[in-house]
Amino acid sequence: RCLLKMVKGSIVVPEDILSFRCNGLQGSTSPPRAQEPGEREEVPGAMANPSPARNPTEVQMSQLVLPCHTNHRGELSTGQLLKWIDTAACLAGREPQCRGTLVGTRSVLKCVLDNHGPLSPLTPTHLLLFLFSSVGQVVNIKAKVNRAFNSSMEVGIQVSYEDLCSGKHCSICKAYATFVAQGPSGTKVRLKPLTPQTEEEKIEHSIAAERRRMRLVHKDTLKDLLTRSPHETELETRDGSVAVPAAKTRVESVELVLPPHANHQGNTFGGQIMAWMENVATIAASRLCHAHPTLRAIEMFHFRGPSQVGDRLVLKAIVNNSFKNSMEVGVCAEAYGQEMSGSRRHINSAFMTFVVLAEDGQPRSLPMVAPEPGDGERRYREASARKKIRLDRKYVISCKQTEVPLSVPWDQSNKVYLSYNNVSALKTLVAKANWALAREKEKVRMYTLEEDKFLSFRIEMSVRIAASRAFSLLSDLRCRHEWDRHYVRAELVQQVDDDDMIYHVESQTLSHENKPQDFVILASRRKPCSKGDPYVVAFRSVTLPTHPASDHFTRGETLCSGFCIWPESEETSKVAYYNQATPGYLNYVTTNVAGLSSNFCATFEACEKFLLKNKEDLIVQL
């Protein structure tokens, strides 16, 4: 830039070319520069296409991968990608004093390798990376705010790469970042709510609250799993492998925060800190395997506090545990000022999973790790617990809807993720835009949604009852037999917490085996996160060892169903029931949709009478 300014007076350079050269040195971001007063907007003729309406917070960034951005294999380094992701997310947040935490992503390795299907479901608090971008390719990043809470916001980031020679585009990963808005004095700033416009934005806006809830309970989930696990550390035995002391993998490095590492307020870029942490973690992993490891997963970058220009950052890393084909590295960052006597501030921490790839691209076996006594053993056990949580989460999320059985095994370690998927699946169904009115009988309206192999239905009506009271009555399945003739009885098997319960339900509906059906159902309740959100009661089938299938019943399954209750006034609510029909339930649904039966309408009218009858009793109980 300085060179161009010096020569501008002696060389004739059009202003638009000068701007292109300056901006092109560091890549491009959108929206473009502001138009100068009096400047005419140029229309590029046939190249101009009317652009669709875009989220006002959306930012697009395109970066050309240069040799300085790559690792020893000539592939884009993870640290560099984290810098770009952080920059794009900060620009989308439009809050210069936000402090961010990278909290989730889901890679699409199949899209990179063999161009399979759309993005997979996303997992919170977890980052999976499969990077194949190399020198000469373009990395495209799109970031936008999904939801603004009271003083925090969630930013969604999509990353893809573009091959300029072949014109091929492929997704790399999708991430979420959470930012906290702060004022000049460090106090939190209340954010304005964001109104989603498109169907995709409405889905992300709705599920953002569930991701936030999962993030907040992540520590409790880990603590609960460790409490129920044996306290003795059992080392794995592998043929021909000698345990490597964890102390030999320890790395400590110091970095000086300079002006290029910080924003205009002097605070260190989060992406820069993440890149430094990834660097020391890679060194620690290399000391165990004596090879070049590949980063495959990051377990929540958590920013605890800021650092400024002039601070020294001490970065520490050590291998916590090694498994058959992967290893976990714990890494933290501490900051201190110019005076060494000052206490260090713990500002960041993360857990990174590495693998070592053989020539055929498959992960190879790794040496064992002998943990240090005390904290080392604690980190060793926690690494095993995190691995179990990742496996549980992967199973829950990768369970395809078309596979049988639909039920997922219930376990204390995966209860958070089952609850998350239960509620998010219902919220996703609710946010769909193509619902069509199929039947209407007096106050009851029935809608259908046809998607590929699935037929979903929605029944709704307005009821003169406060939303909170309807929520309390409809969330208890033990009362459902009073208005739903298909229910014979429901037993509360397990009270997981205040928001999640497991029921064993017996139905009088006969199966194709001419036997009544029974279900084991997880019921997840959610109160509104902010104004405009509904009360949610989500249902899905799970399996419990204490309640196996019986010879007297045919075990039925429900994939996604539940209630959403919107307050219309203090004493009136709109109650809607959703259900994604499973094969065994499909005939019953289509019969009602076609008008050959009015069971749905009759059942919902009975539900209204139940609510009106019991609302006074509920008031007395309260």
# chains A, B, ... in the order shown; residues from 1 in each chain; ligands from 1
call {"tool": "select_by_dssp", "arguments": {"residues": "segment 218-337 of chain A", "states": "strand (DSSP E)", "output": "number ranges by chain"}}
result
A: 244-245, 251-256, 294-303, 312-322, 327-336
call {"tool": "residues_around", "arguments": {"residues": "Met274 of chain A", "least_positions_apart": "5", "cutoff": "10 Å", "atoms": "only C-alpha atoms", "output": "JSON, numbers by chain"}}
result
{"A": [78, 79, 80, 81, 82, 83, 86, 102, 269, 279, 301, 303, 332, 333, 348, 349, 350]}
call {"tool": "closest_atom_pairs", "arguments": {"of": "segment 477-588 of chain A", "to": "segment 413-420 of chain A", "cutoff": "8 Å", "atoms": "only C-alpha atoms", "output": "CSV"}}
result
residue,atom,partner,partner_atom,distance
A:Asp500,CA,A:Ser419,CA,7.3
A:Leu522,CA,A:Ser419,CA,8.0
A:Ser524,CA,A:Ser419,CA,6.2
call {"tool": "residues_around", "arguments": {"residues": "Glu210 of chain A", "least_positions_apart": "4", "cutoff": "8 Å", "atoms": "only C-alpha atoms", "output": "PDB file with all heavy atoms, in the first residue's frame"}}
result
ATOM      1  N   SER A 206     -33.781 -20.952  15.436  1.00  0.00           N
ATOM      2  CA  SER A 206     -34.474 -21.759  16.435  1.00  0.00           C
ATOM      3  C   SER A 206     -33.524 -22.705  17.160  1.00  0.00           C
ATOM      4  O   SER A 206     -33.550 -22.821  18.389  1.00  0.00           O
ATOM      5  CB  SER A 206     -35.603 -22.543  15.758  1.00  0.00           C
ATOM      6  OG  SER A 206     -36.294 -23.333  16.693  1.00  0.00           O
ATOM      7  N   MET A 214     -26.672 -26.634  25.206  1.00  0.00           N
ATOM      8  CA  MET A 214     -25.704 -27.732  25.244  1.00  0.00           C
ATOM      9  C   MET A 214     -24.335 -27.248  25.658  1.00  0.00           C
ATOM     10  O   MET A 214     -23.620 -27.910  26.413  1.00  0.00           O
ATOM     11  CB  MET A 214     -25.620 -28.395  23.872  1.00  0.00           C
ATOM     12  CG  MET A 214     -26.746 -29.342  23.575  1.00  0.00           C
ATOM     13  SD  MET A 214     -26.337 -30.425  22.216  1.00  0.00           S
ATOM     14  CE  MET A 214     -24.829 -31.144  22.796  1.00  0.00           C
ATOM     15  N   TYR A 420     -30.692 -32.744  22.956  1.00  0.00           N
ATOM     16  CA  TYR A 420     -30.446 -31.704  21.934  1.00  0.00           C
ATOM     17  C   TYR A 420     -31.056 -32.108  20.598  1.00  0.00           C
ATOM     18  O   TYR A 420     -31.771 -31.332  19.954  1.00  0.00           O
ATOM     19  CB  TYR A 420     -28.941 -31.485  21.793  1.00  0.00           C
ATOM     20  CG  TYR A 420     -28.543 -30.757  20.523  1.00  0.00           C
ATOM     21  CD1 TYR A 420     -28.685 -29.387  20.414  1.00  0.00           C
ATOM     22  CD2 TYR A 420     -28.035 -31.459  19.437  1.00  0.00           C
ATOM     23  CE1 TYR A 420     -28.326 -28.726  19.252  1.00  0.00           C
ATOM     24  CE2 TYR A 420     -27.675 -30.806  18.269  1.00  0.00           C
ATOM     25  CZ  TYR A 420     -27.812 -29.430  18.185  1.00  0.00           C
ATOM     26  OH  TYR A 420     -27.462 -28.793  17.023  1.00  0.00           O
ATOM     27  N   VAL A 423     -35.013 -32.051  20.604  1.00  0.00           N
ATOM     28  CA  VAL A 423     -35.624 -30.723  20.480  1.00  0.00           C
ATOM     29  C   VAL A 423     -35.296 -30.082  19.135  1.00  0.00           C
ATOM     30  O   VAL A 423     -36.164 -29.494  18.486  1.00  0.00           O
ATOM     31  CB  VAL A 423     -35.155 -29.820  21.638  1.00  0.00           C
ATOM     32  CG1 VAL A 423     -35.688 -28.397  21.466  1.00  0.00           C
ATOM     33  CG2 VAL A 423     -35.602 -30.390  22.971  1.00  0.00           C
ATOM     34  N   SER A 424     -34.035 -30.183  18.685  1.00  0.00           N
ATOM     35  CA  SER A 424     -33.649 -29.534  17.433  1.00  0.00           C
ATOM     36  C   SER A 424     -34.364 -30.157  16.234  1.00  0.00           C
ATOM     37  O   SER A 424     -34.696 -29.463  15.272  1.00  0.00           O
ATOM     38  CB  SER A 424     -32.137 -29.600  17.237  1.00  0.00           C
ATOM     39  OG  SER A 424     -31.684 -30.935  17.156  1.00  0.00           O
TER      40      SER A 424
END
call {"tool": "residues_around", "arguments": {"residues": "Trp84 of chain A", "least_positions_apart": "2", "cutoff": "12 Å", "atoms": "only C-alpha atoms", "output": "compact mmCIF listing (two decimals) with N, CA and C atoms, in the first residue's frame"}}
result
# COMPACT_ATOMS: atom_id res chain seq x y z
N GLN A 26 -4.54 -8.78 0.30
CA GLN A 26 -4.91 -9.49 1.53
C GLN A 26 -6.19 -10.30 1.36
N GLY A 27 -6.65 -10.51 0.12
CA GLY A 27 -7.92 -11.20 -0.07
C GLY A 27 -9.05 -10.20 -0.03
N SER A 28 -10.24 -10.66 -0.31
CA SER A 28 -11.37 -9.75 -0.38
C SER A 28 -12.44 -10.16 0.60
N THR A 29 -13.15 -9.16 1.11
CA THR A 29 -14.30 -9.41 1.97
C THR A 29 -15.46 -8.60 1.44
N GLN A 60 -18.92 -12.14 3.32
CA GLN A 60 -18.26 -13.14 2.49
C GLN A 60 -16.78 -12.78 2.35
N MET A 61 -15.94 -13.78 2.45
CA MET A 61 -14.49 -13.59 2.33
C MET A 61 -13.93 -14.63 1.37
N SER A 62 -13.04 -14.22 0.49
CA SER A 62 -12.36 -15.13 -0.43
C SER A 62 -10.85 -14.93 -0.28
N GLN A 63 -10.14 -16.02 -0.05
CA GLN A 63 -8.70 -15.97 0.17
C GLN A 63 -8.01 -16.95 -0.77
N LEU A 64 -6.99 -16.46 -1.47
CA LEU A 64 -6.18 -17.32 -2.34
C LEU A 64 -5.11 -17.99 -1.49
N VAL A 65 -5.02 -19.31 -1.56
CA VAL A 65 -4.05 -20.06 -0.76
C VAL A 65 -2.66 -19.90 -1.39
N HIS A 69 0.77 -19.97 3.40
CA HIS A 69 -0.39 -20.41 4.16
C HIS A 69 -0.41 -21.92 4.38
N LEU A 76 -3.40 -26.24 3.04
CA LEU A 76 -3.71 -25.09 3.89
C LEU A 76 -3.60 -25.49 5.36
N SER A 77 -2.83 -24.73 6.13
CA SER A 77 -2.65 -25.06 7.54
C SER A 77 -3.90 -24.71 8.34
N THR A 78 -4.14 -25.48 9.38
CA THR A 78 -5.30 -25.25 10.21
C THR A 78 -5.23 -23.89 10.89
N GLY A 79 -4.05 -23.51 11.35
CA GLY A 79 -3.90 -22.22 12.01
C GLY A 79 -4.31 -21.06 11.12
N GLN A 80 -3.92 -21.11 9.86
CA GLN A 80 -4.29 -20.04 8.93
C GLN A 80 -5.80 -20.01 8.71
N LEU A 81 -6.41 -21.18 8.57
CA LEU A 81 -7.86 -21.23 8.39
C LEU A 81 -8.58 -20.65 9.61
N LEU A 82 -8.09 -20.96 10.81
CA LEU A 82 -8.71 -20.43 12.02
C LEU A 82 -8.63 -18.91 12.05
N ASP A 86 -12.01 -16.59 12.16
CA ASP A 86 -12.20 -15.62 13.23
C ASP A 86 -12.46 -14.23 12.65
N THR A 87 -11.72 -13.85 11.62
CA THR A 87 -11.91 -12.53 11.02
C THR A 87 -13.30 -12.40 10.41
N ALA A 88 -13.72 -13.41 9.66
CA ALA A 88 -15.04 -13.36 9.03
C ALA A 88 -16.14 -13.31 10.08
N ALA A 89 -16.00 -14.10 11.16
CA ALA A 89 -17.02 -14.12 12.21
C ALA A 89 -17.10 -12.78 12.93
N CYS A 90 -15.94 -12.15 13.18
CA CYS A 90 -15.94 -10.84 13.84
C CYS A 90 -16.62 -9.79 12.96
N LEU A 91 -16.35 -9.83 11.67
CA LEU A 91 -16.98 -8.86 10.77
C LEU A 91 -18.49 -9.07 10.70
N VAL A 139 -10.16 -20.25 -0.90
CA VAL A 139 -11.01 -20.59 0.23
C VAL A 139 -12.07 -19.51 0.37
N ASN A 140 -13.33 -19.91 0.28
CA ASN A 140 -14.46 -18.99 0.42
C ASN A 140 -15.12 -19.20 1.78
N ILE A 141 -15.31 -18.11 2.50
CA ILE A 141 -15.90 -18.16 3.84
C ILE A 141 -17.11 -17.24 3.87
N LYS A 142 -18.22 -17.76 4.36
CA LYS A 142 -19.43 -16.95 4.53
C LYS A 142 -19.85 -17.02 5.99
N ALA A 143 -20.07 -15.87 6.59
CA ALA A 143 -20.43 -15.81 8.00
C ALA A 143 -21.63 -14.87 8.17
N ILE A 157 -20.64 -19.98 10.39
CA ILE A 157 -19.59 -19.81 9.38
C ILE A 157 -19.58 -21.03 8.46
N GLN A 158 -19.64 -20.81 7.17
CA GLN A 158 -19.52 -21.88 6.18
C GLN A 158 -18.22 -21.68 5.41
N VAL A 159 -17.45 -22.77 5.27
CA VAL A 159 -16.15 -22.72 4.59
C VAL A 159 -16.18 -23.69 3.41
N PHE A 269 -6.19 -10.68 18.28
CA PHE A 269 -7.16 -11.41 17.48
C PHE A 269 -7.31 -12.83 18.04
N GLY A 270 -8.57 -13.28 18.18
CA GLY A 270 -8.80 -14.64 18.64
C GLY A 270 -8.22 -15.66 17.68
N GLY A 271 -8.30 -15.38 16.38
CA GLY A 271 -7.75 -16.30 15.40
C GLY A 271 -6.25 -16.46 15.52
N GLN A 272 -5.55 -15.38 15.89
CA GLN A 272 -4.10 -15.46 16.07
C GLN A 272 -3.76 -16.35 17.26
N MET A 274 -5.61 -18.76 18.45
CA MET A 274 -5.92 -20.14 18.06
C MET A 274 -4.81 -20.73 17.20
N ALA A 275 -4.25 -19.93 16.29
CA ALA A 275 -3.17 -20.41 15.42
C ALA A 275 -1.93 -20.74 16.24
call {"tool": "select_by_dssp", "arguments": {"residues": "segment 303-460 of chain A", "states": "alpha helix (DSSP H)", "output": "ChimeraX atom specification"}}
result
/A:375-398,415-430
call {"tool": "residues_around", "arguments": {"residues": "Glu506 of chain A", "least_positions_apart": "4", "cutoff": "6 Å", "atoms": "only C-alpha atoms", "output": "PyMOL selection string"}}
result
chain A and resi 488-489+518
call {"tool": "closest_residue", "arguments": {"among": "A:Leu295, A:Val309, A:Leu315, A:Ile207", "to": "Val251 of chain A", "atoms": "only C-alpha atoms"}}
result
A:Leu315
